[in-house]
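This is work33.cif. It holds mmCIF, C-alpha atoms and all ligand atoms.
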```
data_protein
loop_
_atom_site.label_atom_id
_atom_site.label_comp_id
_atom_site.auth_asym_id
_atom_site.auth_seq_id
_atom_site.Cartn_x
_atom_site.Cartn_y
_atom_site.Cartn_z
CA MET A 1 1.00 21.49 -5.09
CA LYS A 2 0.78 19.98 -1.62
CA ASN A 3 3.97 18.45 -0.25
CA SER A 4 2.50 16.07 2.29
CA TRP A 5 -0.70 14.14 2.91
CA VAL A 6 -1.51 15.45 6.34
CA GLY A 7 -2.35 19.12 6.66
CA GLY A 8 -4.73 19.10 3.71
CA SER A 9 -6.76 15.92 3.55
CA LEU A 10 -6.90 14.21 0.19
CA SER A 11 -9.60 11.80 1.30
CA THR A 12 -12.17 12.78 -1.35
CA ASP A 13 -9.66 12.39 -4.19
CA TYR A 14 -8.44 9.09 -2.78
CA ILE A 15 -11.96 7.69 -2.47
CA HIS A 16 -12.52 8.55 -6.13
CA HIS A 17 -9.19 6.94 -7.10
CA ALA A 18 -10.26 3.70 -5.42
CA THR A 19 -13.22 3.46 -7.84
CA THR A 20 -11.03 3.57 -11.00
CA LEU A 21 -9.60 0.51 -12.72
CA ARG A 22 -6.14 1.44 -11.40
CA GLY A 23 -7.37 1.88 -7.84
CA ALA A 24 -9.54 -1.24 -7.86
CA LEU A 25 -6.73 -3.37 -9.31
CA ARG A 26 -4.28 -2.14 -6.71
CA GLN A 27 -6.61 -3.11 -3.86
CA ALA A 28 -7.54 -6.45 -5.41
CA LEU A 29 -3.90 -7.38 -6.04
CA VAL A 30 -2.87 -6.45 -2.50
CA ALA A 31 -5.85 -8.43 -1.14
CA ARG A 32 -4.84 -11.49 -3.17
CA ALA A 33 -1.28 -11.33 -1.85
CA LEU A 34 -2.46 -10.90 1.75
CA ASP A 35 -4.78 -13.88 1.41
CA THR A 36 -1.81 -15.86 0.10
CA HIS A 37 0.53 -15.00 2.97
CA LEU A 38 -1.65 -14.47 6.07
CA PRO A 39 -2.26 -17.72 7.93
CA PRO A 40 -5.86 -18.60 8.82
CA GLY A 41 -7.29 -17.73 12.23
CA PRO A 42 -8.09 -14.69 14.33
CA LEU A 43 -4.83 -12.82 13.74
CA ARG A 44 -4.07 -9.39 15.25
CA VAL A 45 -3.46 -7.07 12.30
CA LEU A 46 -2.22 -3.47 12.48
CA ASP A 47 -2.89 -1.37 9.36
CA VAL A 48 -0.59 1.68 9.52
CA GLY A 49 -1.94 4.46 7.31
CA GLY A 50 -4.97 2.27 6.72
CA GLY A 51 -6.96 5.31 5.60
CA THR A 52 -10.54 4.57 4.58
CA GLY A 53 -10.04 0.98 5.69
CA ILE A 54 -10.42 -0.88 2.40
CA GLN A 55 -8.12 -3.75 3.41
CA ALA A 56 -8.84 -3.40 7.13
CA LEU A 57 -12.61 -3.84 6.70
CA ARG A 58 -12.11 -6.78 4.36
CA LEU A 59 -9.87 -8.50 6.90
CA ALA A 60 -12.19 -7.68 9.81
CA ALA A 61 -15.09 -9.17 7.84
CA ARG A 62 -13.06 -12.39 7.63
CA GLY A 63 -12.47 -12.72 11.37
CA ARG A 64 -9.23 -10.80 11.93
CA ALA A 65 -8.82 -8.39 14.86
CA VAL A 66 -7.74 -5.26 12.99
CA THR A 67 -6.51 -1.87 14.21
CA VAL A 68 -6.11 1.05 11.79
CA LEU A 69 -3.62 3.72 12.85
CA ASP A 70 -3.82 6.84 10.68
CA PRO A 71 -3.19 10.57 11.30
CA ASP A 72 -5.95 11.83 8.96
CA PRO A 73 -9.31 12.17 10.78
CA ALA A 74 -11.20 12.51 7.48
CA MET A 75 -9.91 9.13 6.28
CA LEU A 76 -10.78 7.53 9.64
CA GLU A 77 -14.30 8.99 9.49
CA HIS A 78 -14.90 7.21 6.19
CA ALA A 79 -13.64 3.97 7.68
CA ALA A 80 -15.88 4.42 10.73
CA ALA A 81 -18.96 5.09 8.57
CA ARG A 82 -18.36 1.96 6.50
CA TRP A 83 -17.69 -0.14 9.59
CA LYS A 84 -20.98 1.03 11.12
CA ARG A 85 -22.78 -0.39 8.09
CA GLU A 86 -20.80 -3.63 7.91
CA ARG A 87 -19.90 -4.64 11.46
CA ALA A 88 -23.11 -6.58 12.15
CA THR A 89 -22.03 -9.22 9.63
CA ALA A 90 -18.28 -9.11 10.32
CA ALA A 91 -16.61 -12.09 11.97
CA GLY A 92 -13.78 -9.95 13.35
CA THR A 93 -13.22 -6.55 14.98
CA LEU A 94 -12.00 -3.11 13.90
CA ASP A 95 -10.44 -0.34 16.00
CA LEU A 96 -9.63 3.07 14.55
CA ILE A 97 -6.85 5.10 16.18
CA GLU A 98 -5.66 8.55 15.16
CA GLY A 99 -1.87 8.88 15.05
CA ARG A 100 1.33 8.56 13.05
CA GLY A 101 2.89 5.26 12.14
CA GLU A 102 6.24 6.45 13.43
CA ASP A 103 4.70 6.49 16.95
CA ALA A 104 2.94 3.14 16.56
CA GLN A 105 4.71 1.25 19.34
CA GLU A 106 3.76 3.89 21.94
CA LEU A 107 0.20 4.24 20.59
CA VAL A 108 -0.82 0.64 19.91
CA GLY A 109 1.98 -1.55 21.26
CA ASP A 110 3.85 -4.35 19.51
CA ASN A 111 3.61 -8.11 19.01
CA TRP A 112 1.24 -7.80 16.02
CA ASP A 113 0.85 -10.91 13.84
CA ALA A 114 0.81 -8.71 10.75
CA VAL A 115 1.61 -5.05 10.16
CA LEU A 116 0.36 -3.52 6.91
CA CYS A 117 1.52 -0.24 5.40
CA HIS A 118 0.15 0.35 1.93
CA GLY A 119 0.57 3.53 -0.09
CA VAL A 120 2.02 5.57 2.78
CA LEU A 121 5.83 5.75 2.40
CA MET A 122 5.45 7.92 -0.72
CA TYR A 123 4.00 10.79 1.36
CA LEU A 124 6.80 10.87 3.96
CA GLN A 125 10.07 12.80 4.14
CA ASP A 126 11.73 9.98 6.07
CA ALA A 127 10.47 6.55 5.07
CA GLY A 128 13.20 4.84 7.13
CA ALA A 129 11.70 5.96 10.43
CA LEU A 130 8.32 4.46 9.51
CA VAL A 131 9.79 1.20 8.17
CA ALA A 132 11.76 0.78 11.41
CA SER A 133 8.57 1.38 13.39
CA LEU A 134 6.71 -1.29 11.36
CA GLY A 135 9.50 -3.77 12.11
CA ARG A 136 9.34 -3.03 15.84
CA CYS A 137 5.56 -3.56 15.92
CA ALA A 138 5.56 -6.98 14.20
CA ARG A 139 5.77 -10.07 16.40
CA LYS A 140 9.27 -11.52 16.71
CA GLY A 141 9.24 -15.09 15.45
CA GLY A 142 6.93 -14.99 12.45
CA GLY A 143 5.17 -11.59 12.39
CA LEU A 144 4.56 -10.33 8.84
CA VAL A 145 5.17 -6.82 7.47
CA SER A 146 3.41 -5.91 4.21
CA ILE A 147 4.54 -2.72 2.44
CA LEU A 148 3.18 -1.22 -0.78
CA ALA A 149 5.35 1.59 -2.17
CA LYS A 150 6.06 3.45 -5.38
CA ASN A 151 8.74 1.84 -7.52
CA ALA A 152 11.66 4.26 -8.05
CA ASP A 153 13.10 2.11 -10.81
CA ALA A 154 10.12 2.51 -13.12
CA LEU A 155 8.87 6.08 -12.74
CA ALA A 156 9.24 6.83 -16.45
CA MET A 157 6.83 4.08 -17.50
CA ARG A 158 3.62 6.02 -16.84
CA PRO A 159 4.43 9.28 -18.65
CA ALA A 160 6.04 7.39 -21.53
CA LEU A 161 3.00 5.15 -22.03
CA GLU A 162 0.72 8.18 -21.70
CA GLY A 163 2.60 9.63 -24.70
CA SER A 164 4.82 12.20 -22.94
CA PRO A 165 8.45 11.32 -23.74
CA GLN A 166 9.82 14.62 -22.37
CA GLU A 167 8.13 14.09 -19.00
CA ALA A 168 9.38 10.50 -18.98
CA LEU A 169 12.94 11.73 -19.56
CA ASP A 170 12.51 14.29 -16.78
CA VAL A 171 11.50 11.69 -14.17
CA ILE A 172 13.68 8.79 -15.24
CA ASN A 173 16.41 9.66 -12.73
CA ARG A 174 14.21 11.20 -10.06
CA ARG A 175 12.73 9.82 -6.87
CA SER A 176 9.81 12.21 -6.54
CA GLU A 177 7.07 13.55 -8.78
CA LEU A 178 3.61 15.08 -8.70
CA GLY A 179 1.30 12.08 -8.29
CA LYS A 180 -2.26 11.84 -9.63
CA LEU A 181 -3.64 13.13 -6.30
CA GLY A 182 -1.76 16.41 -6.83
CA VAL A 183 0.59 15.88 -3.89
CA GLU A 184 4.32 15.47 -4.21
CA SER A 185 5.06 11.81 -3.76
CA ARG A 186 8.28 9.87 -3.42
CA ALA A 187 9.38 6.60 -4.89
CA HIS A 188 11.64 4.03 -3.25
CA ARG A 189 13.93 1.24 -4.31
CA ARG A 190 12.67 -2.10 -3.08
CA THR A 191 16.19 -3.13 -2.17
CA ASP A 192 16.56 -0.07 0.10
CA ILE A 193 13.35 -0.94 1.94
CA GLU A 194 14.49 -4.56 2.23
CA ARG A 195 17.76 -3.33 3.79
CA CYS A 196 15.84 -1.29 6.42
CA LEU A 197 13.68 -4.32 7.20
CA ARG A 198 16.68 -6.61 7.49
CA GLU A 199 18.12 -4.27 10.12
CA GLN A 200 14.95 -5.00 12.11
CA GLY A 201 15.36 -8.77 11.65
CA LEU A 202 12.87 -9.23 8.78
CA GLU A 203 13.52 -11.17 5.57
CA THR A 204 11.59 -10.97 2.31
CA VAL A 205 9.03 -13.73 1.80
CA GLN A 206 7.81 -12.54 -1.61
CA TRP A 207 7.44 -9.35 -3.61
CA TYR A 208 5.01 -8.38 -6.33
CA GLY A 209 4.74 -5.69 -8.96
CA VAL A 210 1.40 -3.88 -8.85
CA ARG A 211 0.08 -2.42 -12.13
CA VAL A 212 2.36 -3.57 -14.89
CA PHE A 213 0.01 -2.97 -17.84
CA THR A 214 -2.72 -0.67 -16.54
CA ASP A 215 -1.02 2.19 -14.75
CA HIS A 216 -1.31 4.66 -17.64
CA LEU A 217 -5.09 4.32 -18.04
CA GLY A 218 -5.93 7.36 -15.93
CA ASP A 219 -9.42 7.37 -14.46
CA THR A 220 -10.77 4.58 -16.66
CA PRO A 221 -13.46 2.80 -14.61
CA PRO A 222 -13.34 -0.97 -14.14
CA GLY A 223 -15.18 -2.75 -16.96
CA GLU A 224 -16.61 -6.21 -17.51
CA ASP A 225 -13.09 -7.44 -18.23
CA PHE A 226 -11.90 -6.50 -14.70
CA SER A 227 -11.23 -10.07 -13.61
CA ALA A 228 -9.20 -10.73 -16.78
CA TRP A 229 -7.04 -7.68 -16.05
CA LEU A 230 -6.71 -8.80 -12.45
CA ASP A 231 -5.54 -12.28 -13.44
CA LEU A 232 -3.07 -10.86 -15.96
CA GLU A 233 -1.67 -8.31 -13.49
CA TRP A 234 -1.38 -10.98 -10.80
CA VAL A 235 0.58 -13.36 -13.01
CA ALA A 236 2.82 -10.65 -14.50
CA GLY A 237 3.26 -8.99 -11.10
CA SER A 238 4.52 -12.27 -9.64
CA ARG A 239 7.49 -12.66 -11.99
CA SER A 240 10.42 -10.77 -13.40
CA PRO A 241 11.00 -8.98 -15.69
CA TYR A 242 7.37 -7.77 -15.70
CA ARG A 243 7.11 -6.97 -12.00
CA ASP A 244 10.30 -4.88 -12.13
CA VAL A 245 8.60 -2.16 -14.21
CA ALA A 246 5.30 -2.03 -12.31
CA ARG A 247 4.22 1.28 -10.83
CA LEU A 248 4.22 -0.06 -7.26
CA PHE A 249 5.95 -2.88 -5.46
CA HIS A 250 4.30 -4.95 -2.76
CA LEU A 251 6.84 -6.40 -0.37
CA VAL A 252 5.90 -9.11 2.11
CA SER A 253 8.50 -9.87 4.77
CA ARG A 254 8.63 -11.88 7.97
CA HIS A 255 10.40 -11.67 11.33
CA ALA A 256 12.86 -14.52 11.85
C1 LIG B 1 -2.98 6.80 -0.20
S1 LIG B 1 -3.66 6.62 1.41
C2 LIG B 1 -3.55 4.86 1.58
C3 LIG B 1 -4.64 4.30 2.43
C4 LIG B 1 -4.66 2.78 2.57
N1 LIG B 1 -3.43 2.28 3.18
C5 LIG B 1 -4.89 2.12 1.25
O1 LIG B 1 -3.95 1.50 0.70
O2 LIG B 1 -6.01 2.22 0.74
C6 LIG B 1 -2.32 7.19 2.43
C7 LIG B 1 -2.64 7.19 3.92
O3 LIG B 1 -1.42 7.40 4.64
C8 LIG B 1 -1.74 8.15 5.78
N2 LIG B 1 -0.51 8.72 6.35
C9 LIG B 1 0.16 9.84 5.99
N3 LIG B 1 1.23 10.06 6.78
C10 LIG B 1 1.25 9.02 7.68
C11 LIG B 1 2.09 8.66 8.78
N4 LIG B 1 3.16 9.40 9.12
N5 LIG B 1 1.79 7.54 9.48
C12 LIG B 1 0.73 6.77 9.14
N6 LIG B 1 -0.11 7.07 8.12
C13 LIG B 1 0.14 8.17 7.40
C14 LIG B 1 -2.74 9.17 5.26
O4 LIG B 1 -3.46 9.77 6.31
C15 LIG B 1 -3.59 8.30 4.35
O5 LIG B 1 -4.69 7.75 5.02
#
```
Now, as a test, write the supplied structure out as structure tokens.
Amino acid sequence: MKNSWVGGSLSTDYIHHATTLRGALRQALVARALDTHLPPGPLRVLDVGGGTGIQALRLAARGRAVTVLDPDPAMLEHAAARWKRERATAAGTLDLIEGRGEDAQELVGDNWDAVLCHGVLMYLQDAGALVASLGRCARKGGGLVSILAKNADALAMRPALEGSPQEALDVINRRSELGKLGVESRAHRRTDIERCLREQGLETVQWYGVRVFTDHLGDTPPGEDFSAWLDLEWVAGSRSPYRDVARLFHLVSRHA
């Protein structure tokens, strides 16, 4: 078992994950929420832990000026290769910078219109330091911070629905587990993350549950019914009580 992302790149496994129904739904749901909350125009967007650039390239294609900051050179190489193929038709720009999100202000400055951090907190020992850094980087007076993290209140859902009641009982009161990528990953309470953000002057705009009904489907590939699953997950993920038991939460907050 690996106990952190960096120091043994998981890029190949992650790229495979993104092609499964679970991975594709996660990206599509996050994209839908971003499109809902990001205002139009050539915004400056910082994607902390942006990895292979799935959201970053999509936003750059639509005219945003995007910077990905990520410590894993293998993930950045994938992003660079895709960007090489796609940049001729993109309306925006993409910069790829190697480094940790905790050092973002020194590496890429602040005053960003939107700061994204999706699927990163779960690989860190100290999520608070990264959340504080995201808050510092977002523009005071309206800058958005978008965080996707593992939901500590619903860890037992996956093993239980997979048919493993003992495993579900084991994780029900825990904050960490061995994720599908084989690395120890941590879950967080949304309310704890909201508290950290509030200390930086950010208030929640909206939050979503990501993967309410589909998290236990393993490596099932997306099928012809993908858009029906997407619509269902979007509607359920937008309201309680469904969103409360989703695998991940997607928190969108804004600087006062
Ligand atoms: C599961 S991938 C998520 C990639 C992308 N955000 C997405 O949602 O597709 C996790 C990413 O977090 C990055 N990461 C790990 N530790 C980090 C840190 N301290 N600061 C910024 N990124 C980090 C990894 O290099 C990896 O690219």
Neighbourhood of ligand LIG 1 (chain B) at 9 Å, counting only C-alpha atoms and all ligand atoms, reported as a PDB file with C-alpha atoms, keeping the file's coordinate frame:
```
ATOM      1  CA  SER A   4       2.500  16.070   2.290  1.00  0.00           C
ATOM      2  CA  TRP A   5      -0.700  14.140   2.910  1.00  0.00           C
ATOM      3  CA  VAL A   6      -1.510  15.450   6.340  1.00  0.00           C
ATOM      4  CA  SER A   9      -6.760  15.920   3.550  1.00  0.00           C
ATOM      5  CA  LEU A  10      -6.900  14.210   0.190  1.00  0.00           C
ATOM      6  CA  SER A  11      -9.600  11.800   1.300  1.00  0.00           C
ATOM      7  CA  TYR A  14      -8.440   9.090  -2.780  1.00  0.00           C
ATOM      8  CA  ILE A  15     -11.960   7.690  -2.470  1.00  0.00           C
ATOM      9  CA  ALA A  18     -10.260   3.700  -5.420  1.00  0.00           C
ATOM     10  CA  GLY A  23      -7.370   1.880  -7.840  1.00  0.00           C
ATOM     11  CA  ARG A  26      -4.280  -2.140  -6.710  1.00  0.00           C
ATOM     12  CA  GLN A  27      -6.610  -3.110  -3.860  1.00  0.00           C
ATOM     13  CA  VAL A  30      -2.870  -6.450  -2.500  1.00  0.00           C
ATOM     14  CA  ASP A  47      -2.890  -1.370   9.360  1.00  0.00           C
ATOM     15  CA  VAL A  48      -0.590   1.680   9.520  1.00  0.00           C
ATOM     16  CA  GLY A  49      -1.940   4.460   7.310  1.00  0.00           C
ATOM     17  CA  GLY A  50      -4.970   2.270   6.720  1.00  0.00           C
ATOM     18  CA  GLY A  51      -6.960   5.310   5.600  1.00  0.00           C
ATOM     19  CA  THR A  52     -10.540   4.570   4.580  1.00  0.00           C
ATOM     20  CA  GLY A  53     -10.040   0.980   5.690  1.00  0.00           C
ATOM     21  CA  ILE A  54     -10.420  -0.880   2.400  1.00  0.00           C
ATOM     22  CA  GLN A  55      -8.120  -3.750   3.410  1.00  0.00           C
ATOM     23  CA  ALA A  56      -8.840  -3.400   7.130  1.00  0.00           C
ATOM     24  CA  LEU A  69      -3.620   3.720  12.850  1.00  0.00           C
ATOM     25  CA  ASP A  70      -3.820   6.840  10.680  1.00  0.00           C
ATOM     26  CA  PRO A  71      -3.190  10.570  11.300  1.00  0.00           C
ATOM     27  CA  ASP A  72      -5.950  11.830   8.960  1.00  0.00           C
ATOM     28  CA  PRO A  73      -9.310  12.170  10.780  1.00  0.00           C
ATOM     29  CA  ALA A  74     -11.200  12.510   7.480  1.00  0.00           C
ATOM     30  CA  MET A  75      -9.910   9.130   6.280  1.00  0.00           C
ATOM     31  CA  LEU A  76     -10.780   7.530   9.640  1.00  0.00           C
ATOM     32  CA  GLU A  98      -5.660   8.550  15.160  1.00  0.00           C
ATOM     33  CA  GLY A  99      -1.870   8.880  15.050  1.00  0.00           C
ATOM     34  CA  ARG A 100       1.330   8.560  13.050  1.00  0.00           C
ATOM     35  CA  GLY A 101       2.890   5.260  12.140  1.00  0.00           C
ATOM     36  CA  GLU A 102       6.240   6.450  13.430  1.00  0.00           C
ATOM     37  CA  ASP A 103       4.700   6.490  16.950  1.00  0.00           C
ATOM     38  CA  ALA A 104       2.940   3.140  16.560  1.00  0.00           C
ATOM     39  CA  LEU A 116       0.360  -3.520   6.910  1.00  0.00           C
ATOM     40  CA  CYS A 117       1.520  -0.240   5.400  1.00  0.00           C
ATOM     41  CA  HIS A 118       0.150   0.350   1.930  1.00  0.00           C
ATOM     42  CA  GLY A 119       0.570   3.530  -0.090  1.00  0.00           C
ATOM     43  CA  VAL A 120       2.020   5.570   2.780  1.00  0.00           C
ATOM     44  CA  LEU A 121       5.830   5.750   2.400  1.00  0.00           C
ATOM     45  CA  MET A 122       5.450   7.920  -0.720  1.00  0.00           C
ATOM     46  CA  TYR A 123       4.000  10.790   1.360  1.00  0.00           C
ATOM     47  CA  LEU A 124       6.800  10.870   3.960  1.00  0.00           C
ATOM     48  CA  ALA A 127      10.470   6.550   5.070  1.00  0.00           C
ATOM     49  CA  LEU A 130       8.320   4.460   9.510  1.00  0.00           C
ATOM     50  CA  LEU A 148       3.180  -1.220  -0.780  1.00  0.00           C
ATOM     51  CA  LEU A 181      -3.640  13.130  -6.300  1.00  0.00           C
TER      52      LEU A 181
END
```
**Complete:** Judged by all atoms listed in the file, the minimum distance to Ala129 of chain A among A:Ile193, A:Ser238, A:Val205, A:Asp225 is found for A:Ile193
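Residue nearest Asn111 of chain A within the list A:Arg44, A:Arg82, A:His37, A:Arg254: A:Arg44 [criterion: smallest interatomic distance, only C-alpha atoms].
In terms of minimum interatomic distance to Glu199 of chain A, A:Ala132 ranks closest within A:Ser185, A:Arg211, A:Ala132, A:Leu217, counting only C-alpha atoms.
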**Complete:** In Å and to one decimal, atom CA of Ala88 of chain A is distant from atom CA of Ala60 of chain A by 11.2 Å
**Request:** Rank nothing, just name the residue among A:Gln105, A:Asp219, A:Trp234, A:Arg186 nearest to His17 of chain A, using all atoms listed in the file.
**Result:** A:Asp219
